[in-house]
Each structure stands twice: as structure tokens, then as C-alpha cells.
Amino acid sequence: MIKNYQLPRNKLVFVIGILLILGIFFRFVNIEQKLFHGDECITTVRVAGFRHQEVNDLIPRNQVITPEEIKKFQRVNKSGKNLLNTIEVTAEMAPQHTPLYFLLTRIWVQIFGDSVIVMRSLTALISLLAFPAIYWLSIELFQSPHVGWIAVALMTVSPVHIFQAQNSRPYSLWILTILISSAAFLRAIRHNKKSNWLLYGITMALSLYTFLFSSFVFIAHTIYILIIERFRKTKTITNYLLTSSLIFLSFSPWLFVIITNFNTANKMTSWTGKSALFFRLVQAWLKNLCDIFIFWHYEFQKKLFISENTFTFVVGIFLLVLLLYSFYFLLQRTPQRVWLFILTLTAVSSLALVLADLVFGGRRSALGRYLFPSVLGIQLAFAYLLGTKLTSTSLNSIGIRIWQIITILIISAGVLSNSLSSQTEAWNGMNDFIIQSSRIINQAPNPIVISDNDIIFGVMTLNFRLAPHVKLILISESKETTIPDGFSDVFLWQSSVKLRSQLEEKQQLSFKPVFQDYHRKGTIWETSSPATLWKLEQI
């Protein structure tokens with residue numbers, strides 16, 4: 001049995017209460033001011049029921065338009081589409097994204113409107129449900145309320161959870177379904193009743209319909225129960241196999257969609273297979289570990305002269321050592337049913353992506369949003385370590401004091417990074433290319449923006465931040481461009497070399513770069529050439 005040591009109840013309740021308030025505050029404060037990035041633009045178009053080609057065909061080309069003419073393709077209540085269109089678009093254009101989140105978002109914005117605040121408030125509210133969910137999972141695992149509350153405390157101020165809570169993407173819902181399905185799974189094993197297995201089947205199916213990588217969680221559960229039952233044909237195994245069959249049956253319609261549209265899914269995810277240096281992969285892995293507890297912010301560089309790379313390696317190595325010790329402590333102090341669950345939950349998804357990158361090449365494991373089963377496993381391991389150390393009767397006063405300091409540092413790190421990020425438009429506080437470009441354009445008295453970039457992935461992110469007085473011309477490949485008169489400033493937004501050459505050679509126009517960004521220089525996401533905002537210098 002796991003010992004259930006006691007903390008001073010009033011002090012624990014007060015601390016957890018403060019952290020819950022902070023967690024709620026950080027999820028909603030200034031939720032509308034953060035950059036509306038490309039993935040969120042995809043969400044709005046998909047929820048509105050438009051196909052990529054529809055947007056390209058219907059938005060006027062080679063003529064002056066306003067920002068609102070682009071935004072109307074992201075307005076659900078004005079799109080003339082329905083829920084079925086949202087499912088069809090998701091199935092045809094991005095079958096690797098299962099549809100549950102997009103359907104919920106569609107219903108949400110139909111009721112409350114389709115502003116940025118409304119879109120993001122759904123994920124923020126969903127993220128709050130993860131608090132009782134991780135507490136339930138902790139109780140199923142450890143039978144210790146104190147470890148459960150420590151797990152809640154770590155989640156409330158975890159930067160990676162708050163970051164996803166303020167994004168119109170399915171990851172907060174995915175986190176919630178991972179936690180609930182895992183807790184239901186453990187409860188079903190413990191009680192072995194049909195009602196418990198039915199609950200597990202429903203929640204696991206919902207998790208698969210939220211994000212395809214829930215399959216890694218399902219694999220982890222399968223490995224866990226086979227080892228726990230020692231590969232014997234027991235009643236528990238029989239019930240699990242029956243439930244698994246029902247899960248597979250319920251998910252088979254979307255599995256058919258994926259198989260049918262496999263080429264589309266492969267094309268949409270091909271960028272994750274782009275090769276990366278092993279050193280950069282290691283750096284990204286450490287960065288993902290840091291983001292669970294503290295998010296690097298530009299203020300660290302300005303005031304403490306700590307670059308992102310230095311921060312990542314110093315803090316990442318410290319957290320890695322603490323992580324390895326937490327798993328060692330878990331293996332030493334808990335029965336197999338506890339440590340094996342956390343180990344499989346953490347290892348299956350991370351190892352699958354890491355091995356895929358090392359064997360086939362790519363950067364899948366660098367994407368923190370793909371690794372939330374591992375993130376939750378890490379937080380559970382830390383929760384047990386800290387919860388046990390803080391309540392241990394075997395440690396002397398110095399030992400307890402050391403672990404109190406470590407706990408305070410970990411939680412304070414999250415509070416600090418969230419406090420800094422909540423006041424800036426970019427999460428890392430840097431002058432993001434889109435943010436800075438929009439400021440420059442909006443300051444002009446009568447500007448026009450010209451672009452031949454992809455509308456959804458390239459133009460919509462900027463368009464969200466453009467003032468109403470700004471005008472645009474979106475160029476199609478087949479047309480030569482003539483810049484109209486009467487505008488105070490002419491900007492080229494992420495334009496192709498072909499477009500610039502045409503304007504410079506055939507119309508004797510000259511452009512100069514007014515802002516450039518190499519996109520997180522010195523990381524795995526660094527681009528070979530900078531994103532550039534060009535401005536017409538002379539006619």
C-alpha cells in the first residue's frame with residue numbers, strides 16, 4: 001500500500017486555492033491579444049465549412065479588397081454552411097485531424113459568435129475540466145489526495161497547458177480525454193464491471209475522435225493490461241478485448257476516411273518529415289521538457305542576458321536529472337500497477353516519434369503538441385515525487401526544506417513565465433514577424449499590401465491584425481501585377497521571388513526590406529531565408 005501522509009490541511013487548501021485562481025486567470029487574461037496563428041486560421045476556415053480551394057476560388061484576386069472580405073470565410077454564422085460541411089471538409093482536406101473538436105467549436109460559435117475571444121474561450125473552459133480529471137487519475141493511481149492536489153497544482157500553472165488553453169486547436173480537449181479515459185481504464189481494471197468498461201470504451205473512442213495520436217494512449221493501455229495480467233486469459237483481459245473491439249468498431253468510420261484519403265493526410269503532414277540535425281532534435285526535446293514547467297521569455301534575455309538556447313540547455317538538463325530521479329523514485333516506492341502505468345503512458349508516444357525521426361528522418365518528436373501523453377506522465381511522476389517528499393516522515397527538517405524549495409521553484413517558475421507571457425502578444429515576448437509587420441503596415445496612412453502567398457497559411461494570420469483602412473491585392477500566378485495609384489505605402493507580404501522580379505524588371509520598381517525574421521534563429525525551426533516585409537522604395 002502507498003502511505004497517505006498528511007499535510008497541514010489549512011495551509012494546503014490555501015495554496016491550492018491560490019494556484020487554482022492563478023490557473024483560471026492565466027487561461028483567460030488577454031486571451032484575445034495573442035497572435036492568431038496559421039493553425040488557428042485553419043480551424044476557423046474548417047469550422048466555417050470551407051475547403052481550401054473554395055477560399056482560393058471565391059476570394060477576389062488581382063484587385064483591391066479589404067481585410068473583411070477575407071475574414072468572411074472565417075465567419076461561421078455567415079458562411080451558409082452546416083455541421084455536415086465541417087465534417088466533410090475535415091475528412092477531405094485533413095483526415096489526420098479527427099473531427100470532434102471542430103464539431104464542438106462549430107456548435108459553440110453558432111451559439112456565442114465567432115470572435116477570437118469566443119473561439120478561444122471554448123478551449124480555455126475545456127482546459128479547466130482537466131483539473132478534476134488529473135485529480136481523479138491521481139486518486140486511481142496513488143490513492144493519495146495529496147499527490148492528486150500536487151498534480152493539480154502543477155497543471156494549473158504549467159505554461160504548456162495554458163498556451164494550449166488559449167489556442168483554437170484540439171489539444172486541450174485531447175488532454176482532457178487522455179486523462180478521463182486513463183482514469184476510467186484504471187477504474188475498470190479495479191472494479192471489472194461492465195459499466196466501468198463501457199465508460200472506458202466511450203471515453204477512449206472520444207479521445208480517438210479528438211486526436212489521432214490517442215492511438216498511442218490506447219497502445220500504452222494495451223501493453224499495461226497485458227503485463228499486469230501476465231498475458232493470461234483472465235476475465236479482465238476478456239472484458240478489455242471486448243471493449244477494445246467496440247472502440248475499434250466505433251472508430252472504424254473515420255479509419256476508413258483516413259485510408260481513403262491517405263495521400264491527402266500524407267501530403268498535409270509531409271513537413272514533419274523534413275530532416276533535422278540530431279543536435280537540434282535534442283535541443284527541441286529539452287525545450288519541450290522546459291515548457292511543461294517554465295516557458296522562456298524575451299525578458300530573460302533583455303534583463304538577465306540569458307539566450308533561449310542557453311536557457312534551454314541549463315534548465316532542461318536540471319529538469320531532465322529531476323525527471324530521471326522521479327522515475328527512479330517511482331520504481332522504488334510504488335507497486336508495479338502504478339509505475340508501469342506512468343511509464344507506458346510516458347514512453348509509448350515519445351519513443352514512437354523519436355524512433356520515427358531517428359530511423360526515417362524528420363522532426364515529429366520536436367512538436368510538443370504531439371507529446372501530451374508523455375507530458376501528463378511526466379507531471380504525474382513529478383507529482384508523486386514532490387507529494388511524497390513533502391509529506392514524508394522519514395526525512396529530517398533539512399531534507400523536507402530542500403524539497404519545499406524545489407517545489408516552490410517549480411511552481412514559481414510557471415507563475416513567472418505565465419505572468420510575463422500574459423502581457424505580451426507573442427508567448428516568448430519577441431517581435432514576431434506577423435505582429436511587427438502588422439504594426440508597420442497599420443501605421444501607414446493609406447497602405448496597400450500585395451501578396452502571392454497562400455491565403456489561409458500565409459495571408460490570414462496577417463489579415464487578422466490589419467486595421468480597416470488597409471487594402472490588399474492577392475495575386476494569382478497567371479496574372480501580371482500592376483500597382484494601382486493613390487496609396488501612401490506599398491508593401492509586399494511574404495512575396496515570391498517571381499513576383500518581386502516581375503515588379504522590379506517589368507515595371508522598374510524597387511523594394512527594400514523593412515522587417516525580417518529568421519523564425520527562432522538557432523533552433524530546429526530556423527528558416528534558411530528570412531521572412532521579409534518589403535516596401536516600395538521608389539517609382
# chains A, B, ... in the order shown; residues from 1 in each chain; ligands from 1
call {"tool": "residues_around", "arguments": {"residues": "Asn309 (chain A)", "least_positions_apart": "5", "cutoff": "12 Å", "atoms": "only C-alpha atoms", "output": "PyMOL selection string"}}
result
chain A and resi 279-280+282-284+286-287+290+296-298+300-301+314-316+520-524
call {"tool": "write_last_selection", "arguments": {"atoms": "C-alpha atoms", "output": "JSON list (two decimals), in the first residue's frame"}}
result
[["chain", "number", "residue", "atom", "x", "y", "z"],
["A", 279, "PHE", "CA", 21.75, 18.26, -32.02],
["A", 280, "ARG", "CA", 18.71, 20.38, -32.91],
["A", 282, "VAL", "CA", 17.96, 17.11, -28.65],
["A", 283, "GLN", "CA", 17.60, 20.85, -28.16],
["A", 284, "ALA", "CA", 13.91, 20.62, -29.10],
["A", 286, "LEU", "CA", 14.86, 19.73, -23.84],
["A", 287, "LYS", "CA", 12.76, 22.74, -24.86],
["A", 290, "CYS", "CA", 11.20, 23.06, -20.11],
["A", 296, "TRP", "CA", 11.48, 31.03, -21.98],
["A", 297, "HIS", "CA", 10.61, 34.70, -22.43],
["A", 298, "TYR", "CA", 12.50, 37.51, -24.15],
["A", 300, "PHE", "CA", 15.11, 36.74, -19.62],
["A", 301, "GLN", "CA", 17.43, 37.79, -22.41],
["A", 314, "VAL", "CA", 20.77, 24.74, -18.48],
["A", 315, "VAL", "CA", 17.17, 24.47, -17.27],
["A", 316, "GLY", "CA", 16.48, 21.45, -19.48],
["A", 520, "ARG", "CA", 13.59, 31.48, -33.93],
["A", 521, "LYS", "CA", 17.16, 31.60, -35.10],
["A", 522, "GLY", "CA", 19.39, 28.88, -33.70],
["A", 523, "THR", "CA", 16.60, 26.33, -33.19],
["A", 524, "ILE", "CA", 15.19, 23.45, -35.18]]
call {"tool": "residues_around", "arguments": {"residues": "Lys389 (chain A)", "least_positions_apart": "4", "cutoff": "7 Å", "atoms": "only C-alpha atoms", "output": "list in words"}}
result
Leu385, Ile400 and Trp403 of chain A
call {"tool": "write_last_selection", "arguments": {"atoms": "C-alpha atoms", "output": "compact mmCIF listing (two decimals), in the first residue's frame"}}
result
# COMPACT_ATOMS: atom_id res chain seq x y z
CA LEU A 385 7.88 12.68 -6.08
CA ILE A 400 11.99 18.49 3.82
CA TRP A 403 12.09 19.62 -1.31
call {"tool": "select_by_dssp", "arguments": {"residues": "region 298-443 of chain A", "states": "alpha helix (DSSP H)", "output": "VMD selection string"}}
result
chain A and resid 298 to 304 308 to 333 336 to 360 372 to 391 397 to 422 433 to 443
call {"tool": "closest_residue", "arguments": {"among": "A:Asn239, A:Gln164, A:Gln494, A:Gln404", "to": "Gly368 (chain A)", "atoms": "only C-alpha atoms"}}
result
A:Gln164
call {"tool": "residues_around", "arguments": {"residues": "Asn261 (chain A)", "least_positions_apart": "2", "cutoff": "8 Å", "atoms": "only C-alpha atoms", "output": "list in words"}}
result
Ala91, Glu92, Pro95, Val257, Ile258, Ile259, Asn263, Thr264 and Ala265 of chain A
call {"tool": "residues_around", "arguments": {"residues": "Leu84 (chain A)", "least_positions_apart": "4", "cutoff": "10 Å", "atoms": "only C-alpha atoms", "output": "PDB file with N, CA and C atoms, in the first residue's frame"}}
result
ATOM      1  N   GLY A  49     -16.713  25.555 -42.574  1.00  0.00           N
ATOM      2  CA  GLY A  49     -17.167  24.612 -43.585  1.00  0.00           C
ATOM      3  C   GLY A  49     -16.629  24.851 -44.981  1.00  0.00           C
ATOM      4  N   GLU A  88     -17.267  17.133 -43.638  1.00  0.00           N
ATOM      5  CA  GLU A  88     -16.793  16.834 -44.991  1.00  0.00           C
ATOM      6  C   GLU A  88     -15.447  17.490 -45.274  1.00  0.00           C
ATOM      7  N   VAL A  89     -15.312  18.756 -44.881  1.00  0.00           N
ATOM      8  CA  VAL A  89     -14.061  19.485 -45.117  1.00  0.00           C
ATOM      9  C   VAL A  89     -12.922  18.839 -44.336  1.00  0.00           C
ATOM     10  N   THR A  90     -13.176  18.487 -43.084  1.00  0.00           N
ATOM     11  CA  THR A  90     -12.144  17.844 -42.272  1.00  0.00           C
ATOM     12  C   THR A  90     -11.736  16.512 -42.874  1.00  0.00           C
ATOM     13  N   LEU A 103     -16.348  19.958 -34.517  1.00  0.00           N
ATOM     14  CA  LEU A 103     -17.800  19.949 -34.378  1.00  0.00           C
ATOM     15  C   LEU A 103     -18.242  20.714 -33.132  1.00  0.00           C
TER      16      LEU A 103
END
call {"tool": "residues_around", "arguments": {"residues": "Arg187 (chain A)", "least_positions_apart": "2", "cutoff": "10 Å", "atoms": "only C-alpha atoms", "output": "PyMOL selection string"}}
result
chain A and resi 136-137+140-141+181-185+189-193+196-197+199-200
